[in-house]
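To be precise, the following lines are structure.cif, and they hold mmCIF, C-alpha atoms and all ligand atoms.
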```
data_query
loop_
_atom_site.label_atom_id
_atom_site.label_comp_id
_atom_site.auth_asym_id
_atom_site.auth_seq_id
_atom_site.Cartn_x
_atom_site.Cartn_y
_atom_site.Cartn_z
CA MET A 1 21.55 -67.50 -41.01
CA LYS A 2 25.08 -68.78 -41.33
CA ILE A 3 27.28 -67.60 -44.19
CA LYS A 4 28.28 -70.54 -46.35
CA VAL A 5 32.00 -70.27 -46.92
CA GLY A 6 33.56 -72.36 -49.66
CA VAL A 7 37.18 -72.90 -48.66
CA ILE A 8 39.02 -73.62 -51.90
CA PHE A 9 42.45 -75.25 -51.69
CA GLY A 10 44.89 -77.55 -53.47
CA GLY A 11 45.43 -77.02 -57.18
CA GLU A 12 47.99 -78.35 -59.60
CA SER A 13 50.77 -76.24 -58.10
CA VAL A 14 53.81 -77.84 -56.47
CA GLU A 15 52.51 -76.26 -53.28
CA ASN A 16 49.32 -78.36 -53.30
CA GLU A 17 50.19 -80.10 -50.02
CA VAL A 18 51.17 -76.88 -48.29
CA SER A 19 47.82 -75.46 -49.28
CA ILE A 20 46.00 -78.45 -47.76
CA ILE A 21 47.73 -77.76 -44.44
CA SER A 22 46.94 -74.03 -44.57
CA ALA A 23 43.29 -74.69 -45.46
CA ILE A 24 42.71 -77.30 -42.77
CA GLN A 25 44.19 -75.00 -40.13
CA ALA A 26 41.91 -72.18 -41.31
CA MET A 27 38.79 -74.40 -41.35
CA LYS A 28 39.56 -75.47 -37.79
CA ALA A 29 39.83 -71.83 -36.72
CA MET A 30 36.56 -70.69 -38.33
CA ASN A 31 33.71 -69.87 -36.01
CA GLU A 32 31.12 -72.52 -36.83
CA GLU A 33 28.38 -70.49 -35.19
CA LYS A 34 28.79 -67.87 -37.89
CA TYR A 35 29.90 -69.92 -40.85
CA GLU A 36 28.98 -73.14 -42.52
CA ILE A 37 32.25 -74.46 -43.89
CA VAL A 38 32.18 -76.10 -47.30
CA PRO A 39 35.59 -77.55 -48.20
CA ILE A 40 36.45 -77.56 -51.89
CA TYR A 41 39.63 -79.36 -52.87
CA ILE A 42 41.20 -78.98 -56.32
CA SER A 43 43.33 -82.01 -57.12
CA LYS A 44 46.61 -81.86 -59.01
CA GLU A 45 44.60 -83.09 -62.01
CA ARG A 46 42.43 -79.96 -61.63
CA GLU A 47 39.33 -81.87 -60.54
CA TRP A 48 37.21 -80.17 -57.87
CA TYR A 49 35.85 -82.15 -54.91
CA THR A 50 33.61 -81.36 -51.97
CA GLY A 51 32.61 -83.28 -48.84
CA ASP A 52 33.28 -83.30 -45.11
CA ALA A 53 36.03 -85.92 -45.42
CA LEU A 54 38.18 -83.11 -46.84
CA LYS A 55 38.31 -81.46 -43.41
CA ASP A 56 40.55 -84.13 -41.87
CA ILE A 57 44.27 -84.02 -42.61
CA ASP A 58 44.68 -87.75 -41.96
CA ASN A 59 42.46 -88.56 -44.92
CA TYR A 60 45.02 -87.06 -47.33
CA LYS A 61 47.52 -89.82 -46.62
CA ASP A 62 45.60 -91.94 -49.12
CA LEU A 63 44.30 -89.50 -51.70
CA GLU A 64 42.77 -92.12 -53.99
CA ASN A 65 40.74 -93.49 -51.10
CA LEU A 66 39.73 -89.96 -50.04
CA LYS A 67 38.40 -89.28 -53.54
CA LYS A 68 35.97 -92.19 -53.09
CA HIS A 69 34.43 -90.46 -50.07
CA VAL A 70 33.95 -87.04 -51.61
CA ILE A 71 32.07 -85.77 -54.65
CA ASN A 72 33.58 -84.53 -57.88
CA VAL A 73 31.91 -81.17 -58.61
CA VAL A 74 31.95 -77.99 -60.66
CA LEU A 75 31.35 -74.54 -59.19
CA TYR A 76 29.23 -72.18 -61.22
CA ALA A 77 26.64 -69.44 -60.88
CA LYS A 78 22.97 -70.15 -61.46
CA ASN A 79 20.62 -67.19 -61.02
CA ASN A 80 23.13 -65.51 -58.72
CA ILE A 81 23.42 -68.61 -56.57
CA TYR A 82 26.79 -70.31 -56.47
CA VAL A 83 26.29 -74.01 -56.79
CA LEU A 84 28.50 -77.04 -56.48
CA GLN A 85 27.09 -79.53 -58.93
CA SER A 86 28.19 -83.11 -59.33
CA LYS A 87 29.75 -84.16 -62.59
CA GLY A 88 28.90 -87.24 -64.56
CA LEU A 89 25.66 -88.61 -65.95
CA PHE A 90 23.26 -87.70 -63.14
CA LYS A 91 24.03 -84.14 -62.22
CA ARG A 92 22.87 -83.04 -58.77
CA ILE A 93 23.30 -79.86 -56.81
CA ILE A 94 25.46 -81.00 -53.91
CA ASN A 95 25.75 -77.70 -52.10
CA THR A 96 25.71 -73.93 -52.50
CA ILE A 97 28.13 -71.33 -51.16
CA ASP A 98 27.80 -67.60 -50.50
CA ILE A 99 31.45 -66.66 -50.53
CA ALA A 100 34.68 -68.25 -51.70
CA PHE A 101 37.77 -68.36 -49.52
CA PRO A 102 40.80 -69.29 -51.62
CA ILE A 103 43.63 -70.79 -49.57
CA VAL A 104 45.88 -71.84 -52.39
CA HIS A 105 49.55 -71.36 -53.07
CA GLY A 106 51.44 -71.11 -56.32
CA THR A 107 51.06 -71.46 -60.04
CA ASN A 108 47.65 -71.77 -61.68
CA VAL A 109 45.78 -70.98 -58.49
CA GLU A 110 47.21 -68.18 -56.32
CA ASP A 111 48.53 -66.33 -59.37
CA GLY A 112 45.20 -64.80 -60.35
CA THR A 113 43.91 -67.88 -62.14
CA LEU A 114 41.46 -68.83 -59.40
CA GLN A 115 40.65 -65.20 -58.62
CA GLY A 116 39.88 -64.68 -62.31
CA TYR A 117 37.45 -67.59 -62.32
CA LEU A 118 35.74 -66.43 -59.14
CA GLY A 119 35.44 -62.92 -60.57
CA LEU A 120 34.06 -64.32 -63.80
CA ILE A 121 31.23 -66.18 -62.09
CA GLY A 122 30.69 -63.17 -59.85
CA ILE A 123 31.05 -64.70 -56.42
CA PRO A 124 32.47 -62.60 -53.55
CA TYR A 125 35.88 -63.94 -52.55
CA VAL A 126 38.42 -63.39 -49.82
CA GLY A 127 41.80 -61.85 -50.49
CA SER A 128 43.67 -60.17 -53.27
CA ASN A 129 42.06 -59.43 -56.56
CA ILE A 130 43.38 -60.74 -59.83
CA TYR A 131 45.89 -57.94 -60.47
CA ALA A 132 47.74 -58.17 -57.17
CA SER A 133 47.67 -61.96 -57.39
CA VAL A 134 49.34 -61.96 -60.80
CA VAL A 135 52.05 -59.52 -59.77
CA GLY A 136 52.60 -61.33 -56.48
CA GLN A 137 53.41 -64.52 -58.33
CA ASP A 138 55.90 -63.11 -60.82
CA LYS A 139 59.15 -61.99 -59.25
CA VAL A 140 60.05 -59.95 -62.34
CA PHE A 141 56.76 -58.01 -62.52
CA MET A 142 57.02 -57.49 -58.79
CA LYS A 143 60.54 -56.06 -58.96
CA GLN A 144 59.64 -53.86 -61.93
CA ILE A 145 56.76 -52.32 -60.00
CA PHE A 146 58.72 -51.92 -56.77
CA GLU A 147 61.56 -50.34 -58.72
CA SER A 148 59.25 -47.84 -60.37
CA CYS A 149 57.93 -46.88 -56.93
CA ASN A 150 61.44 -46.42 -55.55
CA LEU A 151 61.16 -49.23 -53.04
CA PRO A 152 64.52 -50.71 -52.00
CA ILE A 153 65.15 -53.95 -53.91
CA THR A 154 68.22 -56.00 -54.75
CA LYS A 155 69.96 -55.48 -58.06
CA TYR A 156 68.62 -57.97 -60.60
CA VAL A 157 68.42 -58.94 -64.25
CA TRP A 158 66.04 -61.28 -66.01
CA PHE A 159 65.64 -63.13 -69.29
CA PHE A 160 63.54 -65.71 -71.12
CA ASP A 161 64.69 -69.23 -71.94
CA SER A 162 64.77 -68.33 -75.65
CA GLU A 163 67.26 -65.53 -75.02
CA TYR A 164 69.47 -67.86 -73.00
CA GLN A 165 69.34 -70.55 -75.68
CA ASN A 166 69.70 -68.29 -78.73
CA SER A 167 71.93 -65.53 -77.49
CA PHE A 168 73.89 -66.58 -74.48
CA GLU A 169 76.18 -63.52 -74.90
CA SER A 170 73.34 -61.12 -74.32
CA VAL A 171 72.34 -62.96 -71.13
CA ALA A 172 75.98 -63.08 -69.98
CA LYS A 173 76.27 -59.33 -70.63
CA LYS A 174 73.24 -58.66 -68.44
CA ILE A 175 74.58 -60.84 -65.65
CA ASP A 176 77.95 -59.11 -65.86
CA GLU A 177 76.26 -56.02 -64.46
CA LEU A 178 75.81 -57.89 -61.18
CA GLU A 179 78.34 -58.74 -58.55
CA LEU A 180 78.85 -62.29 -57.32
CA PRO A 181 77.40 -64.15 -55.46
CA PHE A 182 74.04 -64.45 -57.18
CA ILE A 183 70.70 -66.03 -56.47
CA VAL A 184 69.04 -67.59 -59.52
CA LYS A 185 65.26 -68.08 -59.41
CA PRO A 186 62.44 -69.16 -61.69
CA ALA A 187 60.25 -66.05 -62.02
CA THR A 188 56.98 -67.56 -60.94
CA LEU A 189 57.49 -70.31 -58.43
CA GLY A 190 57.40 -70.25 -54.63
CA SER A 191 58.67 -72.24 -51.67
CA SER A 192 62.29 -71.85 -52.84
CA ILE A 193 61.76 -74.44 -55.58
CA GLY A 194 64.27 -74.18 -58.44
CA ILE A 195 66.28 -71.50 -56.60
CA SER A 196 70.05 -71.76 -56.25
CA ARG A 197 72.89 -69.66 -54.98
CA VAL A 198 75.87 -69.17 -57.24
CA ASN A 199 79.19 -68.36 -55.61
CA LYS A 200 81.37 -68.96 -58.67
CA LYS A 201 80.66 -68.04 -62.29
CA GLU A 202 81.27 -71.60 -63.46
CA ASN A 203 78.20 -72.71 -61.55
CA LEU A 204 75.94 -70.16 -63.18
CA ASN A 205 74.78 -72.27 -66.12
CA SER A 206 73.65 -75.19 -64.04
CA ALA A 207 71.73 -72.82 -61.75
CA ILE A 208 70.01 -71.23 -64.75
CA GLU A 209 69.18 -74.63 -66.20
CA GLU A 210 67.72 -75.72 -62.88
CA ALA A 211 65.50 -72.60 -62.78
CA LEU A 212 64.47 -73.14 -66.40
CA GLN A 213 63.01 -76.50 -65.47
CA TYR A 214 60.27 -74.62 -63.67
CA ASP A 215 59.70 -71.52 -65.74
CA ASN A 216 60.59 -69.94 -69.08
CA LYS A 217 61.51 -66.73 -67.28
CA VAL A 218 64.50 -66.49 -64.96
CA ILE A 219 65.66 -63.81 -62.56
CA VAL A 220 69.22 -63.45 -61.31
CA GLU A 221 69.86 -61.16 -58.38
CA GLU A 222 72.71 -60.12 -56.13
CA VAL A 223 72.92 -61.87 -52.80
CA VAL A 224 72.23 -59.74 -49.75
CA PRO A 225 75.24 -60.30 -47.47
CA ASN A 226 75.02 -60.67 -43.67
CA LEU A 227 71.48 -61.80 -44.25
CA ILE A 228 68.61 -61.57 -41.80
CA GLU A 229 65.18 -62.45 -43.17
CA VAL A 230 62.16 -60.76 -41.67
CA ASN A 231 58.51 -60.92 -42.66
CA CYS A 232 55.56 -58.74 -41.79
CA SER A 233 51.93 -59.38 -42.53
CA VAL A 234 49.46 -56.67 -43.56
CA LEU A 235 45.69 -56.87 -43.20
CA GLY A 236 43.24 -54.51 -44.85
CA ASN A 237 42.49 -52.96 -48.19
CA TYR A 238 43.34 -49.73 -49.99
CA GLU A 239 41.51 -47.69 -47.35
CA TYR A 240 43.23 -48.96 -44.22
CA GLN A 241 46.08 -51.28 -43.37
CA GLU A 242 47.15 -52.91 -40.13
CA THR A 243 50.53 -54.55 -39.65
CA SER A 244 51.25 -57.69 -37.66
CA GLU A 245 54.20 -58.63 -35.49
CA ILE A 246 57.44 -59.07 -37.45
CA GLU A 247 59.03 -62.51 -37.60
CA GLU A 248 62.63 -63.45 -38.19
CA ILE A 249 63.19 -66.56 -40.24
CA MET A 250 66.05 -68.80 -39.26
CA SER A 251 67.59 -70.85 -42.00
CA THR A 252 69.65 -73.96 -41.68
CA ASP A 253 70.81 -73.90 -45.29
CA GLU A 254 72.53 -71.22 -47.37
CA PHE A 255 69.08 -69.91 -47.99
CA LEU A 256 65.63 -70.84 -46.86
CA SER A 257 64.88 -74.00 -48.77
CA TYR A 258 61.61 -75.82 -49.29
CA ARG A 259 62.79 -78.29 -46.68
CA ASP A 260 63.33 -75.54 -44.11
CA LYS A 261 60.04 -73.94 -44.84
CA TYR A 262 57.69 -76.84 -44.84
CA ILE A 263 59.44 -80.01 -43.86
CA GLY A 264 61.62 -78.46 -41.10
CA ASN A 265 60.12 -79.92 -37.96
CA ALA A 266 57.49 -81.89 -39.82
CA LYS A 267 58.40 -85.09 -38.03
CA LYS A 268 56.95 -83.57 -34.91
CA SER A 269 53.65 -82.60 -36.45
CA HIS A 270 51.90 -82.92 -39.78
CA THR A 271 49.73 -79.91 -39.29
CA LYS A 272 52.15 -77.23 -38.28
CA GLY A 273 52.46 -75.80 -41.80
CA MET A 274 54.31 -72.52 -41.71
CA LEU A 275 54.67 -72.95 -37.98
CA ALA A 276 57.20 -75.66 -38.70
CA THR A 277 59.78 -73.13 -39.92
CA ASN A 278 62.32 -72.04 -37.38
CA ARG A 279 61.32 -68.53 -36.53
CA VAL A 280 61.78 -65.90 -33.88
CA ILE A 281 58.82 -63.69 -33.04
CA PRO A 282 59.30 -60.78 -32.67
CA ALA A 283 62.29 -60.40 -34.96
CA ARG A 284 65.48 -59.29 -33.26
CA ILE A 285 65.71 -55.93 -35.01
CA ASP A 286 65.69 -52.49 -33.43
CA ILE A 287 62.64 -50.25 -33.26
CA LYS A 288 63.83 -48.04 -36.09
CA MET A 289 64.17 -50.99 -38.44
CA SER A 290 60.83 -52.42 -37.31
CA GLU A 291 59.17 -49.13 -38.20
CA GLU A 292 60.87 -49.15 -41.57
CA VAL A 293 59.75 -52.72 -42.24
CA ARG A 294 56.16 -51.93 -41.24
CA SER A 295 56.06 -48.81 -43.36
CA LEU A 296 57.51 -50.62 -46.40
CA ALA A 297 55.09 -53.51 -45.89
CA LYS A 298 52.14 -51.12 -45.99
CA GLN A 299 53.52 -49.38 -49.07
CA VAL A 300 53.85 -52.67 -50.94
CA PHE A 301 50.31 -53.63 -49.94
CA LEU A 302 48.94 -50.31 -51.19
CA ILE A 303 50.97 -50.09 -54.39
CA LEU A 304 49.58 -53.45 -55.50
CA ASN A 305 46.07 -52.47 -54.37
CA THR A 306 45.79 -55.76 -52.64
CA SER A 307 43.40 -56.75 -49.89
CA GLY A 308 42.82 -59.36 -47.23
CA VAL A 309 45.95 -60.64 -45.55
CA CYS A 310 49.35 -60.67 -47.24
CA ARG A 311 52.86 -61.32 -46.00
CA ILE A 312 55.67 -59.10 -47.20
CA ASP A 313 59.14 -60.60 -46.95
CA PHE A 314 62.33 -58.63 -46.48
CA LEU A 315 66.03 -59.33 -46.81
CA VAL A 316 68.21 -57.34 -44.42
CA ASP A 317 71.92 -56.68 -44.63
CA SER A 318 72.50 -56.70 -40.88
CA LYS A 319 75.89 -54.99 -41.07
CA LYS A 320 74.78 -52.08 -43.20
CA LYS A 321 71.31 -52.11 -41.61
CA LYS A 322 69.88 -51.97 -45.11
CA VAL A 323 66.37 -53.37 -45.70
CA TYR A 324 65.34 -54.75 -49.11
CA VAL A 325 61.80 -55.70 -50.08
CA ASN A 326 62.01 -59.28 -51.35
CA GLU A 327 58.47 -60.31 -52.20
CA ILE A 328 54.79 -60.27 -51.37
CA ASN A 329 52.84 -63.45 -50.71
CA THR A 330 49.23 -62.67 -51.53
CA ILE A 331 48.04 -65.87 -49.82
CA PRO A 332 50.68 -66.47 -47.16
CA GLY A 333 51.27 -69.92 -45.69
CA SER A 334 48.89 -70.47 -42.76
CA LEU A 335 47.49 -67.02 -43.66
CA SER A 336 50.19 -65.66 -41.31
CA PHE A 337 47.84 -66.26 -38.40
CA TYR A 338 50.77 -66.75 -35.99
CA LEU A 339 51.95 -63.18 -36.68
CA TRP A 340 48.51 -61.85 -35.76
CA ASP A 341 48.26 -64.09 -32.76
CA ALA A 342 51.44 -62.39 -31.54
CA VAL A 343 49.68 -59.01 -31.49
CA GLY A 344 46.58 -60.41 -29.79
CA LYS A 345 44.36 -61.11 -32.78
CA LYS A 346 42.95 -64.63 -32.59
CA TYR A 347 42.90 -66.72 -35.78
CA SER A 348 39.09 -66.82 -35.72
CA ASP A 349 39.01 -63.00 -35.54
CA LEU A 350 41.46 -62.74 -38.43
CA ILE A 351 39.11 -64.92 -40.48
CA ASP A 352 36.12 -62.75 -39.49
CA ASN A 353 38.06 -59.68 -40.65
CA LEU A 354 38.93 -61.35 -43.97
CA ILE A 355 35.35 -62.36 -44.69
CA ALA A 356 34.07 -58.88 -43.75
CA LEU A 357 36.63 -57.27 -46.08
CA ALA A 358 35.56 -59.57 -48.93
CA ILE A 359 31.89 -58.73 -48.47
CA LYS A 360 32.66 -55.02 -48.29
CA ARG A 361 34.68 -55.17 -51.51
CA TYR A 362 31.95 -57.15 -53.22
CA LYS A 363 29.28 -54.62 -52.27
CA LYS A 364 31.42 -51.73 -53.43
CA HIS A 365 32.34 -53.51 -56.64
CA SER A 366 28.67 -54.26 -57.38
CA LYS A 367 27.92 -50.53 -57.28
CA LEU A 368 30.63 -49.59 -59.75
CA THR A 369 29.68 -49.04 -63.33
CA PHE A 370 31.27 -51.54 -65.63
CA SER A 371 29.19 -50.93 -68.70
CA PHE A 372 26.66 -48.40 -69.80
CA GLU A 373 23.61 -48.63 -71.91
CA ASN A 374 24.45 -47.70 -75.41
CA ASN A 375 22.62 -48.14 -78.61
CA LEU A 376 25.46 -49.53 -80.63
CA LEU A 377 23.85 -52.89 -81.14
CA SER A 378 20.27 -51.63 -81.35
CA ASN A 379 21.30 -49.32 -84.15
CA TYR A 380 23.10 -52.09 -85.88
CA SER A 381 21.00 -53.55 -88.58
CA GLY A 382 21.97 -57.12 -89.12
CA VAL A 383 20.54 -57.20 -92.60
CA LYS A 384 21.99 -53.86 -93.66
CA GLY A 385 25.22 -54.77 -91.95
CA MET A 386 25.43 -58.04 -93.76
CA LYS A 387 24.62 -56.34 -97.03
CA GLY A 388 27.42 -53.91 -96.45
CA PHE A 389 29.69 -56.77 -95.60
CA LYS A 390 28.70 -58.67 -98.69
CA ASN A 391 29.25 -55.58 -100.83
CA LYS A 392 32.70 -55.23 -99.43
CA ILE A 393 33.78 -58.72 -100.25
CA ARG A 394 32.38 -58.63 -103.73
N1 LIG A 401 68.91 -61.61 -53.04
C1 LIG A 401 68.99 -62.55 -52.09
N2 LIG A 401 70.02 -62.57 -51.22
C2 LIG A 401 70.13 -63.52 -50.27
N3 LIG A 401 69.26 -64.52 -50.13
C3 LIG A 401 68.21 -64.56 -50.96
C4 LIG A 401 68.00 -63.59 -51.98
N4 LIG A 401 66.88 -63.89 -52.66
C5 LIG A 401 66.39 -65.00 -52.08
N5 LIG A 401 67.16 -65.41 -51.07
C6 LIG A 401 66.94 -66.60 -50.23
O1 LIG A 401 66.16 -67.55 -50.97
C7 LIG A 401 64.90 -67.74 -50.33
C8 LIG A 401 63.80 -67.93 -51.36
O2 LIG A 401 63.74 -66.81 -52.21
P1 LIG A 401 62.37 -66.04 -52.49
O3 LIG A 401 62.66 -64.92 -53.42
O4 LIG A 401 61.78 -65.67 -51.19
O5 LIG A 401 61.51 -67.13 -53.24
P2 LIG A 401 60.21 -67.97 -52.86
O6 LIG A 401 59.09 -67.34 -53.62
O7 LIG A 401 60.51 -69.32 -53.37
O8 LIG A 401 60.00 -67.88 -51.38
C9 LIG A 401 64.73 -66.53 -49.44
O9 LIG A 401 63.87 -66.81 -48.37
C10 LIG A 401 66.15 -66.27 -49.01
O10 LIG A 401 66.54 -67.18 -47.99
MG MG A 402 60.06 -66.22 -50.16
#
```
Produce structure tokens that represent the structure in this file.
Ligand SMILES: Nc1ncnc2c1ncn2[C@@H]1O[C@H](COP(=O)(O)OP(=O)(O)O)[C@@H](O)[C@H]1O
Ligand SMILES: [Mg+2]
Amino acid sequence: MKIKVGVIFGGESVENEVSIISAIQAMKAMNEEKYEIVPIYISKEREWYTGDALKDIDNYKDLENLKKHVINVVLYAKNNIYVLQSKGLFKRIINTIDIAFPIVHGTNVEDGTLQGYLGLIGIPYVGSNIYASVVGQDKVFMKQIFESCNLPITKYVWFFDSEYQNSFESVAKKIDELELPFIVKPATLGSSIGISRVNKKENLNSAIEEALQYDNKVIVEEVVPNLIEVNCSVLGNYEYQETSEIEEIMSTDEFLSYRDKYIGNAKKSHTKGMLATNRVIPARIDIKMSEEVRSLAKQVFLILNTSGVCRIDFLVDSKKKKVYVNEINTIPGSLSFYLWDAVGKKYSDLIDNLIALAIKRYKKHSKLTFSFENNLLSNYSGVKGMKGFKNKIR
């Protein structure tokens, strides 16, 4: 019997479109002899839809029309079966799924929100659990954890919008600890949105205000000079980890902007996704640095107790040959398949590995003890209890 895989994508995040591209690529790569693919699209309005029309990228050009050809559903658990049920007056079970495969990017989906919901209804799901997902989305949490584990990171400070508005001096004092130039980022966004480089102090405020449009938490960090950006993907769980080929990201701007990442060569193809970025595979770094990058990538993966496939991004000062861990992407664009392809793992095999890992985790998780029988409630006498309560308030 085929495993019914619910591929969940979209969401209200600014990366909704990127997620559509990643998901459609993945659905195309899935082995249809093993899996029955059930696409589940979450719109920016947080409505969930299912239907085969969601498998074709061309249909997304007219989203309102697409919505007419798919069914608005909710996903929930009914007697340990995960059902997609239509909404509205006449509710019908449209489909069922055995496993969820989140291919989402950004706020309110990748950041543990979706993982939390899937965990709550008890369905096995692919990829990082809620904890790693949360940390992976917040650049401040991430840096705090990396710092405490002595991983090499850039010097940074952070603050909330309230601190900036109420006590600018205290924010200025923090930033004074850093050396120009700076990079200013919203703590929880991705795809370089809201990020700016500050070369002169007088431009700092506008950079902070730009970042504050996207988040109430801002991080300011020192720029890595003589920058080379390299990324390495890790596949596995806490028991074993494999590393992919390392890529080098070429930027056309001062830093890798949203345009570079996703729009780059988009004119040539709508479906290239992360492939559209200018990249060199393998990265032009020496063996010693490659080993360092791979080892750090595995450490990050383990420290966050993540699983599935993640991409860990590094900033390298090419003159000093110093490697800094920049961030982890718990659901990388295009699931980093091109980095696995480069070491001989086909995309369909990567997907098989991911589904196997999810099932393994689910089985293990089901055996763990989360509660134990106790007689707290059976010993609790409602009547007596209420009497006691009444006595107290008298
Ligand atoms: N400390 C830094 N020094 C130099 N460039 C940086 C630094 N931090 C970020 N960048 C540049 O900005 C880009 C986006 O920053 P990043 O932290 O990766 O955010 P995002 O989550 O949006 O990808 C990076 O790919 C890099 O080009
Ligand atoms: Mg990045």
Residues of chain A that approach ligand MG 402 (chain A) to 9 Å or less, counting all atoms listed in the file: could you list each one with the shortest pair of atoms and its distance in Å to one decimal, rows by chain and increasing residue number, as CSV?
```
residue,atom,partner,partner_atom,distance
A:Gly190,CA,A:MG402,MG,6.6
A:Ser191,CA,A:MG402,MG,6.4
A:Ser192,CA,A:MG402,MG,6.6
A:Leu256,CA,A:MG402,MG,8.0
A:Ile312,CA,A:MG402,MG,8.9
A:Asp313,CA,A:MG402,MG,6.5
A:Phe314,CA,A:MG402,MG,8.7
A:Asn326,CA,A:MG402,MG,7.3
A:Glu327,CA,A:MG402,MG,6.5
A:Ile328,CA,A:MG402,MG,8.0
A:Asn329,CA,A:MG402,MG,7.8
```
Completion exercise
Restricting to all atoms listed in the file, whichever of A:Ile8, A:Ile145, A:Leu227, A:Ile42 is closest to ligand LIG 401 (chain A) is A:Leu227
Problem - Contact residues around Arg311 (chain A) with all atoms listed in the file at 8 Å, ignoring same-chain residues under 3 positions, as a ChimeraX atom specification - result: /A:231-234,328-332,336
Can you build me a table of chain A residues sitting at most 9 Å from ligand LIG 401 (chain A), with the closest atom pair per residue and its distance in Å to one decimal, using all atoms listed in the file, sorted by chain and residue number, as a tab-separated table?
```
residue	atom	partner	partner_atom	distance
A:Gly106	CA	A:LIG401	O6	8.9
A:Gln137	CA	A:LIG401	O6	7.9
A:Asp138	CA	A:LIG401	O6	8.9
A:Lys139	CA	A:LIG401	O3	7.4
A:Ile153	CA	A:LIG401	N1	8.6
A:Thr154	CA	A:LIG401	N1	5.9
A:Lys155	CA	A:LIG401	N1	8.0
A:Tyr156	CA	A:LIG401	N1	8.4
A:Pro181	CA	A:LIG401	N2	8.7
A:Phe182	CA	A:LIG401	N1	7.2
A:Ile183	CA	A:LIG401	C4	5.8
A:Val184	CA	A:LIG401	N4	8.1
A:Lys185	CA	A:LIG401	O3	7.3
A:Pro186	CA	A:LIG401	O7	8.5
A:Ala187	CA	A:LIG401	O6	8.6
A:Thr188	CA	A:LIG401	O6	7.6
A:Leu189	CA	A:LIG401	O6	5.9
A:Gly190	CA	A:LIG401	O7	3.5
A:Ser191	CA	A:LIG401	O7	3.8
A:Ser192	CA	A:LIG401	O7	3.1
A:Ile193	CA	A:LIG401	O7	5.7
A:Gly194	CA	A:LIG401	O7	8.0
A:Ile195	CA	A:LIG401	C8	6.8
A:Ser196	CA	A:LIG401	O1	7.8
A:Arg197	CA	A:LIG401	N3	7.9
A:Val220	CA	A:LIG401	N1	8.5
A:Glu221	CA	A:LIG401	N1	5.4
A:Glu222	CA	A:LIG401	N1	5.1
A:Val223	CA	A:LIG401	N2	3.4
A:Val224	CA	A:LIG401	N2	3.9
A:Pro225	CA	A:LIG401	C2	6.7
A:Asn226	CA	A:LIG401	C2	8.7
A:Leu227	CA	A:LIG401	C2	6.4
A:Ile228	CA	A:LIG401	O10	8.6
A:Glu229	CA	A:LIG401	O10	6.9
A:Ile249	CA	A:LIG401	O9	8.2
A:Met250	CA	A:LIG401	O10	8.9
A:Ser251	CA	A:LIG401	O10	7.1
A:Asp253	CA	A:LIG401	O10	8.4
A:Glu254	CA	A:LIG401	O10	7.3
A:Phe255	CA	A:LIG401	O10	3.7
A:Leu256	CA	A:LIG401	O10	3.9
A:Ser257	CA	A:LIG401	C7	6.5
A:Tyr258	CA	A:LIG401	O7	7.8
A:Lys261	CA	A:LIG401	O9	8.8
A:Asp313	CA	A:LIG401	O4	7.1
A:Phe314	CA	A:LIG401	O4	8.5
A:Leu315	CA	A:LIG401	N2	6.8
A:Val316	CA	A:LIG401	C2	8.7
A:Tyr324	CA	A:LIG401	N1	8.7
A:Asn326	CA	A:LIG401	O3	6.0
A:Glu327	CA	A:LIG401	O3	6.3
A:Ile328	CA	A:LIG401	O6	8.6
A:Asn329	CA	A:LIG401	O6	7.9
```
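Atom to atom, CA of Gln85 (chain A) and CA of Gly112 (chain A) stand 23.4 Å apart.
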Practice task
May I ask for the distance between CA of Lys346 (chain A) and CA of Glu33 (chain A), given in Å to one decimal place?
Solution key: 15.9 Å
Practice task
May I ask for the distance between CA of Glu291 (chain A) and CA of Tyr238 (chain A), given in Å to one decimal place?
Solution key: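 Distance between the two atoms: 19.7 Å.
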Problem - Nearest residue to Phe301 (chain A) from the set A:Glu12, A:Glu242, A:Glu209, A:Asp56 (distances using only C-alpha atoms) - result: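 Closest to Phe301 (chain A), using only C-alpha atoms: A:Glu242.
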Handout entry: Which of A:Trp340, A:Phe168, A:Trp48, A:Tyr131 sits closest to Ser244 (chain A) [using all atoms listed in the file]
Key =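 Closest to Ser244 (chain A), using all atoms listed in the file: A:Trp340.
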Closest pair table for region 113-166 of chain A residues within 9 Å of region 357-364 of chain A, all atoms listed in the file, as JSON lines:
```
{"residue": "A:Ile123", "atom": "CA", "partner": "A:Tyr362", "partner_atom": "CA", "distance": 8.2}
{"residue": "A:Pro124", "atom": "CA", "partner": "A:Tyr362", "partner_atom": "CA", "distance": 5.5}
{"residue": "A:Tyr125", "atom": "CA", "partner": "A:Ala358", "partner_atom": "CA", "distance": 5.7}
{"residue": "A:Val126", "atom": "CA", "partner": "A:Ala358", "partner_atom": "CA", "distance": 4.9}
{"residue": "A:Gly127", "atom": "CA", "partner": "A:Ala358", "partner_atom": "CA", "distance": 6.8}
```
Kindly provide, as lines of an AutoDock Vina configuration file, the centre and edge lengths (Å, one decimal) of an axis-aligned box around all atoms of region 289-296 of chain A given in the file, with 4 Å on each side.
```
center_x = 60.1
center_y = -50.8
center_z = -41.9
size_x = 16.1
size_y = 11.9
size_z = 17.1
```
Practice task
Give the answer as one residue: which of A:Ser13, A:Gln25, A:Ser295, A:Asn203 has the shortest atom-to-atom distance to Phe337 (chain A), using all atoms listed in the file?
Solution key: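 Smallest distance to Phe337 (chain A) is found for A:Gln25.
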Exercise for the section: Excluding Lys345 (chain A) and residues on its chain fewer than 3 positions from it, collect all residues at most 12 Å away from it, counting all atoms listed in the file, and give them as a list in words. Expected result: Leu235, Glu242, Thr243, Ser244, Glu245, Ser336, Phe337, Tyr338, Leu339, Trp340, Asp341, Ala342, Ser348, Asp349, Leu350, Ile351, Asp352 and Asn353 of chain A
